file final_10.txt (compact mmCIF, C-alpha atoms and all ligand atoms)
# COMPACT_ATOMS: atom_id res chain seq x y z
CA MET A 1 17.63 -21.15 -12.19
CA ALA A 2 19.64 -18.59 -14.15
CA VAL A 3 19.54 -15.44 -12.08
CA THR A 4 19.78 -12.09 -13.79
CA ARG A 5 20.84 -9.36 -11.40
CA SER A 6 19.89 -5.74 -11.55
CA TRP A 7 22.63 -3.16 -11.39
CA VAL A 8 20.42 -1.33 -8.87
CA GLU A 9 22.11 -2.57 -5.72
CA SER A 10 19.15 -2.21 -3.38
CA ALA A 11 16.99 -4.49 -5.58
CA LEU A 12 18.20 -7.83 -4.30
CA GLY A 13 16.55 -8.88 -1.07
CA SER A 14 13.97 -6.08 -1.21
CA ASP A 15 10.26 -6.41 -2.01
CA PHE A 16 11.14 -5.13 -5.48
CA PRO A 17 13.89 -7.19 -7.10
CA LEU A 18 14.26 -7.44 -10.86
CA GLU A 19 11.76 -10.32 -10.85
CA ASN A 20 8.96 -8.07 -9.58
CA LEU A 21 8.83 -4.76 -11.50
CA PRO A 22 5.44 -3.64 -10.16
CA LEU A 23 3.81 -0.61 -11.75
CA GLY A 24 2.48 2.47 -10.05
CA VAL A 25 2.00 6.23 -10.31
CA PHE A 26 4.11 8.72 -8.38
CA GLN A 27 4.86 12.41 -8.19
CA ARG A 28 7.90 14.34 -7.07
CA ARG A 29 6.17 17.70 -7.34
CA PRO A 30 2.42 18.21 -6.96
CA GLY A 31 0.68 17.74 -10.27
CA VAL A 32 3.51 16.06 -12.15
CA ARG A 33 2.29 12.48 -12.15
CA CYS A 34 4.36 9.76 -13.76
CA VAL A 35 4.04 6.05 -14.33
CA GLY A 36 6.93 4.17 -12.77
CA THR A 37 8.23 0.75 -11.82
CA ALA A 38 9.75 -0.02 -8.43
CA ILE A 39 13.25 -1.46 -8.28
CA GLY A 40 14.80 -1.79 -4.84
CA ASP A 41 14.43 1.54 -3.07
CA ARG A 42 14.17 3.41 -6.39
CA ILE A 43 11.51 4.09 -9.00
CA LEU A 44 12.29 4.05 -12.68
CA ASP A 45 10.38 6.97 -14.20
CA LEU A 46 8.74 5.39 -17.25
CA ARG A 47 7.61 8.67 -18.73
CA ALA A 48 11.22 9.78 -18.76
CA ALA A 49 12.23 6.39 -20.17
CA ALA A 50 9.68 6.78 -22.97
CA ASP A 51 10.83 10.35 -23.66
CA ALA A 52 14.43 9.11 -23.83
CA GLY A 53 13.45 6.62 -26.54
CA LEU A 54 14.04 3.60 -24.29
CA LEU A 55 10.48 2.29 -24.74
CA LYS A 56 8.72 1.75 -28.03
CA ASN A 57 5.47 2.51 -29.82
CA GLU A 58 2.18 2.01 -28.01
CA VAL A 59 3.84 0.87 -24.79
CA ALA A 60 5.84 4.11 -24.72
CA ALA A 61 2.65 6.10 -25.33
CA ALA A 62 0.87 4.31 -22.47
CA CYS A 63 3.84 4.97 -20.14
CA ARG A 64 3.59 8.71 -20.88
CA GLN A 65 0.09 8.81 -19.37
CA ASP A 66 -0.33 9.93 -15.78
CA ILE A 67 -2.33 6.82 -14.87
CA LEU A 68 -2.06 3.10 -15.69
CA ASN A 69 -5.44 2.70 -17.43
CA ALA A 70 -4.03 2.93 -20.97
CA LEU A 71 -1.49 0.21 -20.24
CA MET A 72 -4.14 -1.92 -18.55
CA ALA A 73 -6.36 -1.60 -21.64
CA MET A 74 -3.61 -2.97 -23.89
CA GLY A 75 -3.68 -6.42 -22.34
CA ARG A 76 -1.17 -8.99 -21.23
CA ASP A 77 0.97 -8.95 -24.39
CA ALA A 78 1.79 -5.30 -23.73
CA SER A 79 2.56 -6.10 -20.07
CA ARG A 80 4.90 -8.88 -21.16
CA GLU A 81 6.63 -6.64 -23.70
CA LEU A 82 7.14 -3.90 -21.11
CA ARG A 83 8.42 -6.39 -18.55
CA THR A 84 10.96 -7.84 -20.98
CA ARG A 85 12.20 -4.39 -21.86
CA LEU A 86 12.43 -3.20 -18.25
CA THR A 87 14.33 -6.35 -17.31
CA GLU A 88 16.86 -5.55 -20.03
CA LEU A 89 17.18 -1.90 -19.07
CA LEU A 90 17.66 -2.65 -15.37
CA SER A 91 20.10 -5.55 -15.77
CA ASP A 92 22.18 -4.70 -18.83
CA SER A 93 25.28 -2.85 -17.73
CA ALA A 94 25.48 -1.08 -21.11
CA ALA A 95 22.00 0.41 -20.51
CA ARG A 96 22.95 1.63 -17.05
CA LYS A 97 24.34 5.00 -18.10
CA HIS A 98 21.10 5.86 -19.91
CA VAL A 99 18.75 4.50 -17.26
CA GLU A 100 20.39 5.44 -13.98
CA PRO A 101 19.67 9.18 -14.37
CA LEU A 102 15.96 8.31 -14.70
CA LEU A 103 15.77 6.68 -11.25
CA VAL A 104 13.99 8.46 -8.43
CA ARG A 105 14.45 7.61 -4.77
CA GLN A 106 11.21 6.20 -3.39
CA ALA A 107 11.82 8.36 -0.33
CA ASP A 108 11.58 11.46 -2.57
CA ALA A 109 8.34 10.44 -4.27
CA GLU A 110 4.71 10.48 -3.21
CA MET A 111 2.72 7.50 -4.40
CA LEU A 112 -0.71 8.08 -5.91
CA LEU A 113 -3.59 5.83 -6.93
CA PRO A 114 -2.28 3.69 -9.80
CA ALA A 115 -5.42 3.91 -11.91
CA LYS A 116 -8.57 5.88 -12.44
CA ILE A 117 -10.89 3.36 -10.85
CA GLY A 118 -14.27 3.56 -12.52
CA ASP A 119 -15.93 0.82 -10.53
CA TYR A 120 -15.09 -1.30 -7.53
CA THR A 121 -16.58 -4.64 -6.55
CA ASP A 122 -15.75 -6.54 -3.39
CA PHE A 123 -16.20 -10.31 -3.21
CA TYR A 124 -16.43 -12.65 -0.23
CA ALA A 125 -14.29 -15.52 -1.47
CA SER A 126 -12.80 -16.91 1.76
CA ILE A 127 -15.02 -19.70 3.02
CA TYR A 128 -13.26 -19.49 6.39
CA HIS A 129 -14.14 -15.81 6.72
CA ALA A 130 -17.71 -16.38 5.54
CA THR A 131 -18.13 -19.27 7.99
CA ASN A 132 -16.56 -17.44 10.95
CA VAL A 133 -18.63 -14.31 10.39
CA GLY A 134 -21.77 -16.36 9.71
CA ARG A 135 -21.24 -18.26 12.98
CA LEU A 136 -21.26 -15.02 14.99
CA PHE A 137 -24.74 -14.22 13.71
CA ARG A 138 -26.19 -17.68 12.95
CA PRO A 139 -24.39 -20.28 15.11
CA GLU A 140 -26.62 -23.10 13.86
CA ASN A 141 -26.27 -22.26 10.18
CA PRO A 142 -23.12 -20.22 9.53
CA LEU A 143 -22.77 -20.67 5.78
CA LEU A 144 -25.71 -19.66 3.62
CA PRO A 145 -26.79 -22.24 1.01
CA ASN A 146 -25.72 -20.16 -2.00
CA TYR A 147 -22.09 -19.82 -0.88
CA LYS A 148 -20.64 -22.90 -2.58
CA TRP A 149 -22.45 -22.17 -5.83
CA VAL A 150 -22.08 -18.47 -6.46
CA PRO A 151 -19.16 -16.08 -5.80
CA ILE A 152 -20.82 -13.58 -3.46
CA GLY A 153 -19.97 -9.90 -3.91
CA TYR A 154 -21.32 -6.39 -3.62
CA HIS A 155 -20.75 -3.18 -5.53
CA GLY A 156 -18.41 -0.97 -3.54
CA ARG A 157 -17.64 2.68 -3.95
CA ALA A 158 -14.73 3.76 -6.17
CA SER A 159 -14.63 7.41 -5.09
CA SER A 160 -13.45 6.65 -1.56
CA ILE A 161 -10.56 4.37 -2.51
CA VAL A 162 -7.36 5.93 -1.19
CA VAL A 163 -3.73 4.99 -1.51
CA SER A 164 -1.58 3.71 1.33
CA GLU A 165 -0.69 6.23 4.06
CA ALA A 166 -3.88 8.28 3.73
CA GLU A 167 -5.43 8.92 7.15
CA ILE A 168 -8.72 7.16 7.83
CA GLN A 169 -11.39 9.30 9.43
CA ARG A 170 -13.53 7.32 11.86
CA PRO A 171 -16.97 7.32 10.22
CA ASN A 172 -20.22 8.53 11.72
CA GLY A 173 -23.31 6.49 11.22
CA GLN A 174 -26.45 4.97 12.59
CA THR A 175 -25.98 2.22 15.10
CA LYS A 176 -28.35 0.40 17.35
CA ALA A 177 -27.31 -1.48 20.46
CA ALA A 178 -29.05 -4.84 20.89
CA ASP A 179 -30.91 -3.62 24.00
CA ALA A 180 -31.71 -0.12 22.67
CA VAL A 181 -35.17 0.85 21.53
CA GLU A 182 -33.95 3.23 18.84
CA PRO A 183 -30.77 3.74 16.83
CA LYS A 184 -28.47 6.70 17.43
CA PHE A 185 -26.14 8.66 15.16
CA GLY A 186 -22.48 9.17 15.95
CA PRO A 187 -18.94 7.86 15.52
CA SER A 188 -18.60 4.12 14.91
CA ARG A 189 -17.30 2.33 18.00
CA MET A 190 -16.58 -0.93 16.16
CA LEU A 191 -14.16 0.09 13.44
CA ASP A 192 -12.33 -2.81 11.81
CA TYR A 193 -9.93 -3.57 8.98
CA GLU A 194 -10.25 -6.35 6.40
CA LEU A 195 -7.16 -7.97 4.89
CA GLU A 196 -7.82 -8.37 1.17
CA VAL A 197 -6.17 -8.52 -2.22
CA GLY A 198 -7.40 -6.28 -5.02
CA PHE A 199 -7.05 -7.08 -8.71
CA PHE A 200 -7.18 -4.59 -11.54
CA VAL A 201 -9.12 -5.28 -14.72
CA GLY A 202 -7.13 -5.21 -17.96
CA PRO A 203 -8.92 -4.90 -21.32
CA GLY A 204 -12.36 -5.87 -20.01
CA ASN A 205 -15.50 -6.62 -22.01
CA ALA A 206 -18.26 -4.93 -23.95
CA LEU A 207 -21.70 -4.72 -22.37
CA GLY A 208 -23.55 -7.96 -23.08
CA GLU A 209 -20.41 -10.03 -23.78
CA ALA A 210 -19.38 -12.34 -20.97
CA ILE A 211 -15.72 -13.29 -20.45
CA PRO A 212 -15.33 -17.09 -20.43
CA LEU A 213 -13.29 -18.55 -17.59
CA ARG A 214 -10.48 -19.78 -19.84
CA GLU A 215 -9.91 -16.16 -20.98
CA ALA A 216 -10.44 -14.48 -17.62
CA GLU A 217 -6.77 -14.09 -16.70
CA GLU A 218 -6.09 -12.18 -19.91
CA HIS A 219 -8.30 -9.52 -18.31
CA ILE A 220 -6.45 -9.33 -14.99
CA PHE A 221 -3.64 -6.78 -15.09
CA GLY A 222 -2.20 -7.23 -11.62
CA LEU A 223 -2.77 -7.38 -7.90
CA CYS A 224 -2.43 -5.05 -4.92
CA LEU A 225 -3.10 -5.22 -1.19
CA LEU A 226 -6.43 -3.82 -0.07
CA ASN A 227 -7.88 -2.87 3.31
CA ASP A 228 -11.67 -2.75 3.29
CA TRP A 229 -12.18 -0.63 6.43
CA SER A 230 -15.47 -1.69 7.99
CA ALA A 231 -17.69 -0.18 10.69
CA ARG A 232 -19.20 -3.30 12.24
CA ASP A 233 -21.83 -1.49 14.33
CA ILE A 234 -23.09 0.49 11.33
CA GLN A 235 -22.96 -2.71 9.24
CA ALA A 236 -25.00 -4.76 11.70
CA TRP A 237 -27.85 -2.24 11.66
CA GLU A 238 -27.93 -1.43 7.93
CA TYR A 239 -27.00 -4.63 6.11
CA GLN A 240 -30.39 -6.26 5.79
CA PRO A 241 -31.87 -6.67 3.25
CA LEU A 242 -29.53 -5.17 0.61
CA GLY A 243 -26.03 -5.73 2.03
CA PRO A 244 -23.14 -3.41 2.94
CA PHE A 245 -23.49 0.32 2.32
CA LEU A 246 -22.16 3.13 4.54
CA ALA A 247 -20.38 0.67 6.83
CA LYS A 248 -17.91 0.06 4.03
CA ASN A 249 -17.80 2.96 1.61
CA PHE A 250 -16.22 5.65 3.78
CA ALA A 251 -12.71 4.43 2.87
CA THR A 252 -10.83 1.59 1.19
CA THR A 253 -7.02 1.67 1.18
CA ILE A 254 -4.88 0.05 -1.51
CA SER A 255 -1.13 -0.42 -1.80
CA PRO A 256 0.39 1.79 -4.51
CA TRP A 257 2.32 -0.86 -6.46
CA VAL A 258 0.45 -3.19 -8.79
CA VAL A 259 2.25 -6.54 -9.00
CA THR A 260 1.63 -7.86 -12.48
CA MET A 261 0.34 -11.29 -13.37
CA GLU A 262 3.68 -11.91 -15.11
CA ALA A 263 5.62 -11.35 -11.88
CA LEU A 264 3.26 -13.69 -10.03
CA GLU A 265 3.63 -16.52 -12.56
CA PRO A 266 6.21 -18.51 -10.52
CA PHE A 267 3.90 -18.37 -7.50
CA ARG A 268 0.79 -19.84 -9.02
CA ALA A 269 -0.90 -22.65 -7.13
CA GLU A 270 -3.71 -25.13 -7.42
CA ALA A 271 -7.14 -23.69 -6.81
CA PHE A 272 -8.71 -24.43 -3.40
CA LYS A 273 -9.46 -28.13 -3.08
CA ARG A 274 -13.14 -28.45 -2.39
CA PRO A 275 -13.81 -30.92 0.39
CA GLU A 276 -15.61 -34.16 -0.41
CA GLY A 277 -19.32 -33.51 -0.66
CA ASP A 278 -19.07 -29.89 -1.84
CA PRO A 279 -20.78 -29.25 -5.17
CA ALA A 280 -18.64 -28.87 -8.29
CA PRO A 281 -18.88 -25.34 -9.71
CA LEU A 282 -21.38 -24.87 -12.53
CA GLU A 283 -19.90 -25.27 -15.99
CA TYR A 284 -19.26 -21.58 -16.67
CA LEU A 285 -17.12 -21.49 -13.47
CA SER A 286 -15.27 -24.71 -14.21
CA ASP A 287 -12.04 -25.03 -16.14
CA GLU A 288 -9.21 -27.55 -15.91
CA ARG A 289 -6.43 -24.96 -16.08
CA ASP A 290 -8.10 -22.79 -13.47
CA ARG A 291 -8.32 -25.81 -11.14
CA GLU A 292 -4.65 -26.60 -11.67
CA ARG A 293 -3.21 -23.06 -11.55
CA GLY A 294 -5.98 -20.67 -10.57
CA GLY A 295 -4.58 -20.02 -7.09
CA PHE A 296 -1.83 -17.67 -5.89
CA ASP A 297 0.64 -18.51 -3.16
CA ILE A 298 0.83 -15.08 -1.55
CA THR A 299 1.53 -14.73 2.16
CA LEU A 300 -0.54 -11.92 3.64
CA GLU A 301 0.07 -10.28 6.99
CA VAL A 302 -1.60 -7.69 9.18
CA TRP A 303 0.49 -5.55 11.50
CA LEU A 304 -0.79 -3.11 14.11
CA ARG A 305 0.89 -0.15 15.80
CA THR A 306 -1.08 1.80 18.36
CA ALA A 307 -0.48 5.44 19.32
CA GLN A 308 0.96 4.24 22.63
CA MET A 309 3.36 1.89 20.85
CA ARG A 310 4.36 4.67 18.47
CA SER A 311 5.13 7.11 21.29
CA ALA A 312 7.14 4.39 23.08
CA GLY A 313 9.14 3.84 19.90
CA ALA A 314 7.86 0.25 19.64
CA ASP A 315 7.57 -1.52 16.31
CA ALA A 316 4.29 -2.71 14.86
CA VAL A 317 3.21 -6.22 15.90
CA ARG A 318 1.89 -8.86 13.57
CA VAL A 319 -1.65 -9.85 14.41
CA SER A 320 -2.26 -12.40 11.65
CA LYS A 321 -0.68 -14.24 8.76
CA GLY A 322 -2.70 -15.89 6.00
CA ASN A 323 -2.39 -16.91 2.36
CA LEU A 324 -4.36 -16.06 -0.76
CA ARG A 325 -4.39 -19.79 -1.65
CA ASP A 326 -7.16 -20.20 0.93
CA LEU A 327 -9.84 -18.56 -1.22
CA TYR A 328 -12.77 -20.79 -2.14
CA TRP A 329 -13.12 -19.05 -5.52
CA THR A 330 -10.26 -18.09 -7.84
CA LEU A 331 -9.77 -14.53 -9.05
CA ALA A 332 -10.60 -15.77 -12.57
CA GLN A 333 -13.87 -17.30 -11.37
CA MET A 334 -14.81 -14.01 -9.69
CA LEU A 335 -14.07 -12.00 -12.83
CA THR A 336 -15.96 -14.43 -15.08
CA HIS A 337 -18.91 -14.53 -12.73
CA HIS A 338 -18.99 -10.73 -12.66
CA THR A 339 -19.37 -10.58 -16.45
CA SER A 340 -21.59 -13.68 -16.77
CA ASN A 341 -24.76 -11.60 -16.92
CA GLY A 342 -23.24 -9.28 -19.53
CA CYS A 343 -22.02 -6.67 -17.05
CA ASP A 344 -19.08 -4.83 -18.62
CA LEU A 345 -15.77 -4.38 -16.83
CA GLU A 346 -13.45 -1.57 -17.88
CA PRO A 347 -9.68 -1.12 -17.74
CA GLY A 348 -8.79 0.08 -14.25
CA ASP A 349 -11.86 -1.33 -12.55
CA LEU A 350 -10.94 -2.86 -9.23
CA LEU A 351 -12.21 -6.18 -7.92
CA ALA A 352 -11.28 -7.48 -4.48
CA SER A 353 -11.10 -10.91 -2.92
CA GLY A 354 -13.00 -10.29 0.29
CA THR A 355 -11.35 -10.80 3.67
CA VAL A 356 -8.65 -13.45 3.43
CA SER A 357 -8.88 -15.74 6.44
CA GLY A 358 -7.44 -19.22 6.82
CA ALA A 359 -8.39 -22.28 8.82
CA THR A 360 -6.24 -21.47 11.86
CA ALA A 361 -6.65 -18.92 14.66
CA ASP A 362 -3.50 -17.02 13.61
CA SER A 363 -4.76 -16.49 10.04
CA LEU A 364 -7.93 -14.47 10.61
CA GLY A 365 -8.14 -11.38 8.41
CA CYS A 366 -10.15 -8.96 10.58
CA LEU A 367 -10.74 -8.07 14.23
CA LEU A 368 -14.37 -9.17 14.03
CA GLU A 369 -13.11 -12.74 13.72
CA ILE A 370 -10.05 -12.42 15.99
CA THR A 371 -11.98 -10.93 18.92
CA GLN A 372 -15.29 -12.69 18.24
CA ARG A 373 -17.03 -9.35 17.81
CA GLY A 374 -15.25 -7.93 20.85
CA ALA A 375 -15.97 -10.87 23.19
CA ARG A 376 -12.28 -11.86 23.38
CA PRO A 377 -10.14 -8.74 23.14
CA LEU A 378 -6.75 -8.95 21.46
CA VAL A 379 -3.94 -8.45 23.99
CA LEU A 380 -0.93 -6.57 22.62
CA PRO A 381 2.67 -6.98 23.88
CA ASP A 382 2.54 -3.68 25.83
CA GLY A 383 -0.59 -4.83 27.68
CA GLU A 384 -3.06 -2.78 25.66
CA THR A 385 -6.18 -4.56 24.49
CA ARG A 386 -8.29 -4.12 21.38
CA LYS A 387 -11.82 -5.20 20.62
CA PHE A 388 -11.83 -2.92 17.58
CA LEU A 389 -9.60 -0.11 16.30
CA GLU A 390 -8.95 2.97 18.44
CA ASP A 391 -7.98 6.42 17.20
CA GLY A 392 -4.27 6.53 16.45
CA ASP A 393 -4.08 2.84 15.52
CA GLU A 394 -2.07 2.22 12.38
CA VAL A 395 -2.92 -0.90 10.35
CA ILE A 396 -0.26 -2.19 7.98
CA LEU A 397 -0.91 -4.94 5.43
CA ARG A 398 2.06 -6.73 3.90
CA GLY A 399 2.19 -9.37 1.19
CA TYR A 400 4.95 -11.43 -0.36
CA CYS A 401 5.66 -14.54 -2.41
CA GLU A 402 8.38 -17.00 -1.46
CA ARG A 403 9.08 -20.33 -3.08
CA GLU A 404 12.06 -22.66 -3.20
CA GLY A 405 14.20 -21.82 -6.22
CA GLN A 406 12.50 -18.47 -6.86
CA VAL A 407 13.47 -14.94 -5.94
CA ARG A 408 11.14 -13.55 -3.28
CA ILE A 409 8.91 -10.67 -4.38
CA GLY A 410 6.78 -8.40 -2.22
CA PHE A 411 3.86 -6.02 -2.48
CA GLY A 412 5.25 -3.27 -0.27
CA GLU A 413 2.82 -1.96 2.33
CA CYS A 414 -0.80 -0.91 2.49
CA LYS A 415 -1.21 1.24 5.59
CA GLY A 416 -3.53 3.70 7.19
CA THR A 417 -3.95 5.36 10.58
CA VAL A 418 -7.34 5.90 12.18
CA VAL A 419 -8.11 9.45 13.24
CA GLY A 420 -11.06 10.56 15.35
CA CA B 1 -14.63 -6.84 2.38
call {"tool": "encode", "arguments": {"input": "final_10.txt", "output": "structure tokens"}}
result
Amino acid sequence: MAVTRSWVESALGSDFPLENLPLGVFQRRPGVRCVGTAIGDRILDLRAAADAGLLKNEVAAACRQDILNALMAMGRDASRELRTRLTELLSDSAARKHVEPLLVRQADAEMLLPAKIGDYTDFYASIYHATNVGRLFRPENPLLPNYKWVPIGYHGRASSIVVSEAEIQRPNGQTKAADAVEPKFGPSRMLDYELEVGFFVGPGNALGEAIPLREAEEHIFGLCLLNDWSARDIQAWEYQPLGPFLAKNFATTISPWVVTMEALEPFRAEAFKRPEGDPAPLEYLSDERDRERGGFDITLEVWLRTAQMRSAGADAVRVSKGNLRDLYWTLAQMLTHHTSNGCDLEPGDLLASGTVSGATADSLGCLLEITQRGARPLVLPDGETRKFLEDGDEVILRGYCEREGQVRIGFGECKGTVVG
């Protein structure tokens, strides 16, 4: 592999080497929002790069916006063109004198939501998660009969999506204990996280025009980490018959950097291998290329730091480690299914994978599964235990891609602290 190095020294070995170039929106002063790309511990200000004549035409115009939607709308060719240009600018020593003054220290910038998210849909694509959760409620029949035929999802709430580091207010809601006669209203006592990956819609489709599976990836701009905070006690009482509502829509945290499909190309994987006896997907969800390369080899981790750990100066501890390869449905299948009835997706819409859990006990993507709904509390190194999240708990999601012969890339962090 011919390795091109960036002249930004912190790039190599970080989550953001030259091979990554994720896109996001940042501000140095309130109200001055700029599109940027992360490189090492710096951000290249793409508005400044456009103003300096370093980017061209429509791509330059999109990079002058204060949000990524315009770039997302332009499609994968524009993403590829921008990536090629940024690679040149950040590796060519002759470009250095023009580009270096446009770098901002990440420590000096505040990250903002990368896009104006018009709509948000959350899927349920991990069969391990669906089975584990189903087993808690229906031990005899954990997986519902539709699961292997239809990518299950629900419409989430875009307005309460926040970017990493925003505090998470413990939600109030109606809950009903199993032995209680009536529900009561008050703070959730079973607050949980869900380890997920979000994916942003690129150009999208007109109302009434479905996106075929073979074209679906042209409509995926890039991926981020996503924490679908969930109040399990509120959820248990409200979810029938129409599914999640207030148990989910009080907050969803995403990581600020969108890792593009181009950066993820070396880390593509086969789609999930359906076990013998599982039905083949219906024709509109079936495509040779998607079977061969529809998966993503992305390691996903959850780390927890309690208030007690923080005051003792202790580091966060990892509570699980999974991989996006373990999804039963590919991202492309989810996107195609979403549009299959003619529903239109718009640039900047956010879709999410659902909780990513694997087959093993150390790869479960939420506390509901890890603690068996509180029956087996998680024991932390300092002796504290957790059934669900307590006030002061900080949840940190991390994601990265590693493969022999490839430069490792990462997603940065998606974190939030629960406040009462
Ligand atoms: Ca979820």
call {"tool": "closest_residue", "arguments": {"input": "final_10.txt", "among": "A:Ala125, A:Met309, A:Ala271, A:Ile161", "to": "ligand CA 1 (chain B)", "atoms": "only C-alpha atoms and all ligand atoms"}}
result
A:Ala125
call {"tool": "atom_distance", "arguments": {"input": "final_10.txt", "atom1": "CA of His129 in chain A", "atom2": "CA of Gly198 in chain A"}}
result
16.6 Å
call {"tool": "residues_near_ligand", "arguments": {"input": "final_10.txt", "ligand": "ligand CA 1 (chain B)", "cutoff": "7 Å", "atoms": "all atoms listed in the file", "output": "JSON, numbers by chain"}}
result
{"A": [122, 123, 124, 194, 228, 354, 355]}
call {"tool": "write_last_selection", "arguments": {"input": "final_10.txt", "atoms": "C-alpha atoms", "output": "PDB file, in the frame of the given file"}}
result
ATOM      1  CA  ASP A 122     -15.750  -6.540  -3.390  1.00  0.00           C
ATOM      2  CA  PHE A 123     -16.200 -10.310  -3.210  1.00  0.00           C
ATOM      3  CA  TYR A 124     -16.430 -12.650  -0.230  1.00  0.00           C
ATOM      4  CA  GLU A 194     -10.250  -6.350   6.400  1.00  0.00           C
ATOM      5  CA  ASP A 228     -11.670  -2.750   3.290  1.00  0.00           C
ATOM      6  CA  GLY A 354     -13.000 -10.290   0.290  1.00  0.00           C
ATOM      7  CA  THR A 355     -11.350 -10.800   3.670  1.00  0.00           C
TER       8      THR A 355
END
call {"tool": "closest_residue", "arguments": {"input": "final_10.txt", "among": "A:Pro22, A:Pro212, A:Gly173, A:Pro114", "to": "Pro187 in chain A", "atoms": "only C-alpha atoms"}}
result
A:Gly173
call {"tool": "axis_aligned_box", "arguments": {"input": "final_10.txt", "around": "range 373-385 of chain A", "padding_each_side": "4 Å", "output": "AutoDock Vina command-line options"}}
result
--center_x -7.2 --center_y -7.3 --center_z 22.7 --size_x 27.7 --size_y 17.1 --size_z 17.9
call {"tool": "atom_distance", "arguments": {"input": "final_10.txt", "atom1": "CA of Val319 in chain A", "atom2": "CA of Ala332 in chain A"}}
result
29.0 Å
call {"tool": "residues_around", "arguments": {"input": "final_10.txt", "residues": "range 162-169 of chain A", "least_positions_apart": "4", "cutoff": "7 Å", "atoms": "all atoms listed in the file", "output": "list in words"}}
result
Leu112, Leu113, Ala251, Thr252, Thr253, Ile254, Ser255, Pro256, Cys414, Lys415, Gly416, Thr417, Val418, Val419 and Gly420 of chain A
call {"tool": "residues_near_point", "arguments": {"input": "final_10.txt", "point": "(4.3, -2.9, -4.3)", "cutoff": "12 Å", "atoms": "all atoms listed in the file", "output": "ChimeraX atom specification"}}
result
/A:14-17,20-25,36-43,106,111,114,163-164,222-226,254-260,263,397-401,409-414
call {"tool": "atom_distance", "arguments": {"input": "final_10.txt", "atom1": "CA of Asp290 in chain A", "atom2": "CA of Leu324 in chain A"}}
result
14.9 Å
call {"tool": "closest_residue", "arguments": {"input": "final_10.txt", "among": "A:Gln308, A:Thr4, A:Thr84, A:Ser126", "to": "Val197 in chain A", "atoms": "only C-alpha atoms"}}
result
A:Ser126
call {"tool": "closest_residue", "arguments": {"input": "final_10.txt", "among": "A:Asp108, A:Glu19, A:Glu9, A:Asp382", "to": "Glu265 in chain A", "atoms": "all atoms listed in the file"}}
result
A:Glu19
call {"tool": "residues_around", "arguments": {"input": "final_10.txt", "residues": "range 148-156 of chain A", "least_positions_apart": "2", "cutoff": "10 Å", "atoms": "all atoms listed in the file", "output": "compact mmCIF listing (two decimals) with C-alpha atoms, keeping the file's coordinate frame"}}
result
# COMPACT_ATOMS: atom_id res chain seq x y z
CA ASP A 119 -15.93 0.82 -10.53
CA TYR A 120 -15.09 -1.30 -7.53
CA THR A 121 -16.58 -4.64 -6.55
CA ASP A 122 -15.75 -6.54 -3.39
CA PHE A 123 -16.20 -10.31 -3.21
CA TYR A 124 -16.43 -12.65 -0.23
CA ALA A 125 -14.29 -15.52 -1.47
CA SER A 126 -12.80 -16.91 1.76
CA ILE A 127 -15.02 -19.70 3.02
CA ALA A 130 -17.71 -16.38 5.54
CA LEU A 143 -22.77 -20.67 5.78
CA LEU A 144 -25.71 -19.66 3.62
CA PRO A 145 -26.79 -22.24 1.01
CA ASN A 146 -25.72 -20.16 -2.00
CA ALA A 158 -14.73 3.76 -6.17
CA SER A 159 -14.63 7.41 -5.09
CA SER A 160 -13.45 6.65 -1.56
CA ILE A 161 -10.56 4.37 -2.51
CA ASP A 228 -11.67 -2.75 3.29
CA LEU A 242 -29.53 -5.17 0.61
CA GLY A 243 -26.03 -5.73 2.03
CA PRO A 244 -23.14 -3.41 2.94
CA PHE A 245 -23.49 0.32 2.32
CA LEU A 246 -22.16 3.13 4.54
CA LYS A 248 -17.91 0.06 4.03
CA ASN A 249 -17.80 2.96 1.61
CA THR A 252 -10.83 1.59 1.19
CA ARG A 274 -13.14 -28.45 -2.39
CA ASP A 278 -19.07 -29.89 -1.84
CA PRO A 279 -20.78 -29.25 -5.17
CA ALA A 280 -18.64 -28.87 -8.29
CA PRO A 281 -18.88 -25.34 -9.71
CA LEU A 282 -21.38 -24.87 -12.53
CA LEU A 285 -17.12 -21.49 -13.47
CA TYR A 328 -12.77 -20.79 -2.14
CA TRP A 329 -13.12 -19.05 -5.52
CA THR A 330 -10.26 -18.09 -7.84
CA GLN A 333 -13.87 -17.30 -11.37
CA MET A 334 -14.81 -14.01 -9.69
CA LEU A 335 -14.07 -12.00 -12.83
CA THR A 336 -15.96 -14.43 -15.08
CA HIS A 337 -18.91 -14.53 -12.73
CA HIS A 338 -18.99 -10.73 -12.66
CA LEU A 350 -10.94 -2.86 -9.23
CA LEU A 351 -12.21 -6.18 -7.92
CA ALA A 352 -11.28 -7.48 -4.48
CA SER A 353 -11.10 -10.91 -2.92
CA GLY A 354 -13.00 -10.29 0.29
call {"tool": "residues_around", "arguments": {"input": "final_10.txt", "residues": "Asp45 in chain A", "least_positions_apart": "5", "cutoff": "12 Å", "atoms": "all atoms listed in the file", "output": "ChimeraX atom specification"}}
result
/A:23-28,32-39,50-52,54-55,60,63-66,86,99-106,109
call {"tool": "closest_residue", "arguments": {"input": "final_10.txt", "among": "A:Gly75, A:Gly118, A:Pro139, A:Gly358", "to": "Glu217 in chain A", "atoms": "all atoms listed in the file"}}
result
A:Gly75
call {"tool": "residues_around", "arguments": {"input": "final_10.txt", "residues": "Leu367 in chain A", "least_positions_apart": "4", "cutoff": "12 Å", "atoms": "only C-alpha atoms", "output": "NGL selection string"}}
result
:A and (129 or 132-133 or 190-195 or 229-232 or 302-304 or 319-320 or 355 or 357 or 361-363 or 371-379 or 385-390 or 395)
